[in-house]
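**Q** Contents of query.cif (mmCIF, C-alpha atoms) are below:
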```
data_input
loop_
_atom_site.label_atom_id
_atom_site.label_comp_id
_atom_site.auth_asym_id
_atom_site.auth_seq_id
_atom_site.Cartn_x
_atom_site.Cartn_y
_atom_site.Cartn_z
CA GLN J 1 -15.19 -9.09 -9.03
CA VAL J 2 -13.02 -7.16 -6.60
CA GLN J 3 -11.87 -3.67 -7.44
CA LEU J 4 -9.10 -1.82 -5.62
CA VAL J 5 -8.64 1.93 -6.12
CA GLU J 6 -5.60 3.70 -4.71
CA SER J 7 -5.38 7.43 -4.06
CA GLY J 8 -3.34 9.93 -2.09
CA GLY J 9 -0.08 9.94 -4.00
CA GLY J 10 1.74 13.09 -5.00
CA LEU J 11 4.93 15.08 -4.84
CA VAL J 12 6.48 15.67 -1.44
CA GLN J 13 9.83 16.88 -0.16
CA ALA J 14 12.21 14.54 1.63
CA GLY J 15 11.23 14.25 5.27
CA GLY J 16 7.58 14.85 4.50
CA SER J 17 4.54 12.64 4.90
CA LEU J 18 1.72 11.23 2.79
CA ARG J 19 -1.22 8.96 3.45
CA LEU J 20 -2.28 6.57 0.73
CA SER J 21 -5.75 5.04 0.60
CA CYS J 22 -6.97 1.85 -1.03
CA ALA J 23 -10.73 1.60 -1.41
CA ALA J 24 -11.97 -1.94 -1.96
CA SER J 25 -15.25 -2.96 -3.51
CA GLY J 26 -17.14 -5.44 -1.43
CA ASN J 27 -16.49 -6.47 2.12
CA ILE J 28 -13.10 -8.11 1.61
CA LEU J 29 -11.02 -6.48 4.34
CA SER J 30 -12.49 -8.81 6.95
CA ILE J 31 -11.71 -11.96 4.97
CA THR J 32 -8.26 -11.48 3.54
CA THR J 33 -4.84 -9.99 4.20
CA MET J 34 -4.28 -6.69 2.46
CA ARG J 35 -0.88 -5.65 1.13
CA TRP J 36 0.88 -2.62 -0.28
CA TYR J 37 3.58 -2.96 -2.92
CA ARG J 38 5.63 -0.38 -4.79
CA GLN J 39 7.46 -0.28 -8.09
CA PRO J 40 10.19 2.28 -8.76
CA LEU J 41 10.62 3.25 -12.38
CA GLY J 42 12.54 0.57 -14.24
CA GLN J 43 12.65 -1.76 -11.25
CA GLN J 44 10.71 -4.77 -10.03
CA ARG J 45 7.66 -4.47 -7.86
CA GLU J 46 8.44 -4.98 -4.18
CA TRP J 47 6.35 -5.72 -1.14
CA VAL J 48 6.03 -2.88 1.37
CA ALA J 49 3.55 -3.79 4.12
CA LEU J 50 0.66 -6.06 5.04
CA ILE J 51 -2.19 -6.20 7.51
CA THR J 52 -4.00 -9.45 8.33
CA THR J 53 -7.66 -9.92 9.16
CA GLY J 54 -6.58 -10.14 12.79
CA GLY J 55 -4.81 -6.80 12.60
CA THR J 56 -1.26 -8.12 12.58
CA THR J 57 1.06 -5.92 10.57
CA ASN J 58 4.42 -6.49 8.96
CA TYR J 59 6.77 -4.23 7.03
CA ALA J 60 9.70 -4.41 4.67
CA ALA J 61 12.94 -3.52 6.40
CA SER J 62 13.34 -0.44 4.21
CA VAL J 63 10.16 1.18 5.55
CA LYS J 64 9.87 -0.22 9.06
CA GLY J 65 9.50 2.53 11.61
CA ARG J 66 8.47 5.07 8.97
CA PHE J 67 5.36 3.56 7.37
CA THR J 68 2.16 2.44 9.08
CA ILE J 69 -0.54 0.27 7.52
CA SER J 70 -4.05 0.35 8.90
CA ARG J 71 -7.56 -0.46 7.82
CA ASP J 72 -11.11 0.76 8.21
CA ASN J 73 -13.30 -2.29 7.75
CA PRO J 74 -16.70 -0.53 7.72
CA ASN J 75 -15.47 1.71 4.91
CA ASN J 76 -13.55 -1.08 3.14
CA THR J 77 -10.42 1.05 3.04
CA VAL J 78 -6.78 0.29 3.76
CA TYR J 79 -4.32 3.07 4.47
CA LEU J 80 -0.58 3.46 4.26
CA ARG J 81 0.75 6.33 6.31
CA MET J 82 4.24 7.25 5.13
CA ALA J 83 6.47 9.51 7.19
CA SER J 84 10.10 10.62 6.99
CA LEU J 85 9.95 10.04 3.26
CA LYS J 86 13.15 9.61 1.30
CA PRO J 87 13.88 10.03 -2.42
CA GLU J 88 14.30 6.26 -2.64
CA ASP J 89 10.63 5.88 -1.64
CA THR J 90 9.70 7.30 -5.06
CA ALA J 91 7.58 4.69 -6.84
CA VAL J 92 4.11 3.75 -7.97
CA TYR J 93 2.32 2.26 -4.96
CA TYR J 94 -0.16 -0.57 -5.42
CA CYS J 95 -2.77 -2.18 -3.21
CA ASN J 96 -3.08 -5.96 -3.39
CA ALA J 97 -5.45 -8.67 -2.22
CA HIS J 98 -5.69 -12.42 -2.67
CA LEU J 99 -9.04 -14.21 -2.62
CA GLY J 100 -8.73 -17.93 -3.16
CA PRO J 101 -6.85 -18.47 -6.42
CA ASP J 102 -7.36 -14.89 -7.58
CA THR J 103 -5.04 -11.92 -7.11
CA TYR J 104 -6.25 -8.36 -7.37
CA TRP J 105 -4.30 -5.16 -7.95
CA GLY J 106 -5.28 -1.54 -8.06
CA GLN J 107 -4.14 0.84 -10.79
CA GLY J 108 -1.49 2.37 -8.56
CA THR J 109 -0.75 5.85 -7.28
CA GLN J 110 2.49 7.73 -7.93
CA VAL J 111 4.58 8.94 -5.00
CA THR J 112 7.49 11.23 -5.80
CA VAL J 113 9.89 12.38 -3.09
CA SER J 114 12.18 15.26 -4.00
CA SER J 115 15.53 15.78 -2.32
#
```
Could you write out this structure as structure tokens?
**A**
Amino acid sequence: QVQLVESGGGLVQAGGSLRLSCAASGNILSITTMRWYRQPLGQQREWVALITTGGTTNYAASVKGRFTISRDNPNNTVYLRMASLKPEDTAVYYCNAHLGPDTYWGQGTQVTVSS
């Protein structure tokens, strides 16, 4: 059973930065693509960024150039560095992994950006 635990959310002013962490149980970072999603209040969950086992990254257009995804395989942790934050980045941020037919989600961490 895979467990994903997000942390690092909080309240920040527009233009500020935060770094989110996703700690994974087991050595899964080397065998699967890891993703970050977010869900604003009352809206659908949306994909934000991914990092493959080979280190390739990709970003949603809304965050490209401001967010950076990275991973620390020995510590089984994925990070999302968020800079130049905007009020529209306010959401619960989730870590996600697929292993075979199974999909895993963390409990989420709240990010609130004040204007």
**Q** In terms of the shortest atom-to-atom distance over all atoms listed in the file, which of J:Pro74, J:Gln43, J:Leu85, J:Arg35 is closest to Ala60 in chain J?
**A**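 When distances to Ala60 in chain J are compared using all atoms listed in the file, the smallest one comes from J:Arg35.
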**Q** Run the PyMOL selection byres ((chain J and resi 83) around 6) against the file shown and list the residues it catches, as a compact mmCIF listing (two decimals) with C-alpha atoms, keeping the file's coordinate frame.
**A**
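As a result, part_3.txt now contains:
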```
# COMPACT_ATOMS: atom_id res chain seq x y z
CA SER J 17 4.54 12.64 4.90
CA ARG J 66 8.47 5.07 8.97
CA MET J 82 4.24 7.25 5.13
CA SER J 84 10.10 10.62 6.99
CA LEU J 85 9.95 10.04 3.26
```
**Q** Starting from the displayed file, determine the output of the PyMOL selection byres ((chain J and resi 8) around 9) and express the residue list as a PyMOL selection string.
**A** chain J and resi 6-7+9-10+18-22+109-111
**Q** Could you tell me which residues the PyMOL selection byres ((chain J and resi 115) around 9) grabs in this file, written as a list in words?
**A**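 What the PyMOL selection byres ((chain J and resi 115) around 9) grabs from the file is Gln13, Ala14, Gly15, Lys86, Pro87, Val113 and Ser114 of chain J.
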**Q** Report the distance between CA of Trp47 in chain J and CA of Ile28 in chain J in Å, rounded to one decimal place.
**A**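 Atom-to-atom, CA of Trp47 in chain J and CA of Ile28 in chain J are spaced 19.8 Å apart.
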**Q** How many Å lie between CA of Gly54 in chain J and CA of Arg71 in chain J, rounded to one decimal?
**A**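 Between CA of Gly54 in chain J and CA of Arg71 in chain J the gap works out to 10.9 Å.
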